[in-house]
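J.: My questions all concern the structure below.
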Amino acid sequence: MDIIRINENDIIEMKKKHPCGSFLFRVVRTGSDVRIICEGCGRDVTLPREKLEKRIKRIIAK
């Protein structure tokens with residue numbers, strides 16, 4: 001399994017939408033856990049990298 005390159009301030013499109021209706025999240029912090037913020041409502045979420053990589057549809061550059 002390859003590691004997906006995720007950088008801070010990247011916009012990530014997820015496979016499933018957030019309860020607010022947005023598919024887009026901004027990366028705030030990377031590492032073994034990745035902290036993302038919903039672009040729709042501003043909710044802050046921290047996920048383990050493995051879980052996040054499975055949920056990513058595509059990465060939109062800065």
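In the structure tokens, chains take letters A, B, ... by order of appearance, with residues numbered from 1 within each chain and ligands from 1 in the order shown.
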Taking 2 positions as the minimum chain separation for residues in the same chain, which residues sit within 7 Å of Arg55 of chain A when counting only C-alpha atoms? Answer as a VMD selection string.

T.: chain A and resid 14 to 15 51 to 53 57

J.: With a distance cut-off of 9 Å and only C-alpha atoms, select the neighbouring residues of segment 30-43 of chain A, excluding the residue or stretch itself and same-chain residues fewer than 2 positions from it, and output the selection as a ChimeraX atom specification.

T.: /A:6-8,11-12,18,20-28,45-50,52

J.: Store the residues picked out above in a file with C-alpha atoms, as a compact mmCIF listing (two decimals), in the first residue's frame.

T.:
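Okay, selection_31.txt is ready:
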# COMPACT_ATOMS: atom_id res chain seq x y z
CA ILE A 6 -0.84 15.05 1.71
CA ASN A 7 0.49 18.54 2.39
CA GLU A 8 -0.78 21.29 4.65
CA ILE A 11 -8.00 20.71 -0.31
CA ILE A 12 -9.23 17.10 -0.19
CA HIS A 18 -19.98 15.66 5.61
CA CYS A 20 -23.37 19.70 6.39
CA GLY A 21 -23.34 18.66 2.71
CA SER A 22 -19.75 19.55 1.78
CA PHE A 23 -17.30 17.08 0.19
CA LEU A 24 -14.28 19.40 0.60
CA PHE A 25 -11.86 19.57 3.53
CA ARG A 26 -8.67 21.61 4.11
CA VAL A 27 -5.61 19.88 5.62
CA VAL A 28 -4.33 21.71 8.71
CA VAL A 45 -11.73 16.56 12.50
CA THR A 46 -8.62 14.51 13.34
CA LEU A 47 -8.32 11.11 11.67
CA PRO A 48 -5.61 8.43 11.58
CA ARG A 49 -3.78 8.61 8.23
CA GLU A 50 -4.84 5.07 7.21
CA LEU A 52 -8.24 9.19 5.83

J.: Check the DSSP output for the backbone and give back, as an MDAnalysis selection string, the residues of chain A in alpha helix (DSSP H).

T.: chainID A and resid 49:55

J.: Using DSSP on the backbone coordinates, identify the residues of segment 17-62 of chain A assigned to strand (DSSP E or B); present them as a list in words.

T.: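 The strand (DSSP E or B) subset of segment 17-62 of chain A is Leu24, Phe25, Arg26, Val27, Val28, Arg29, Asp33, Val34, Arg35, Ile36, Ile37, Cys38, Asp44, Val45, Thr46, Leu47, Pro48, Ile56, Lys57, Arg58, Ile59 and Ile60 of chain A.
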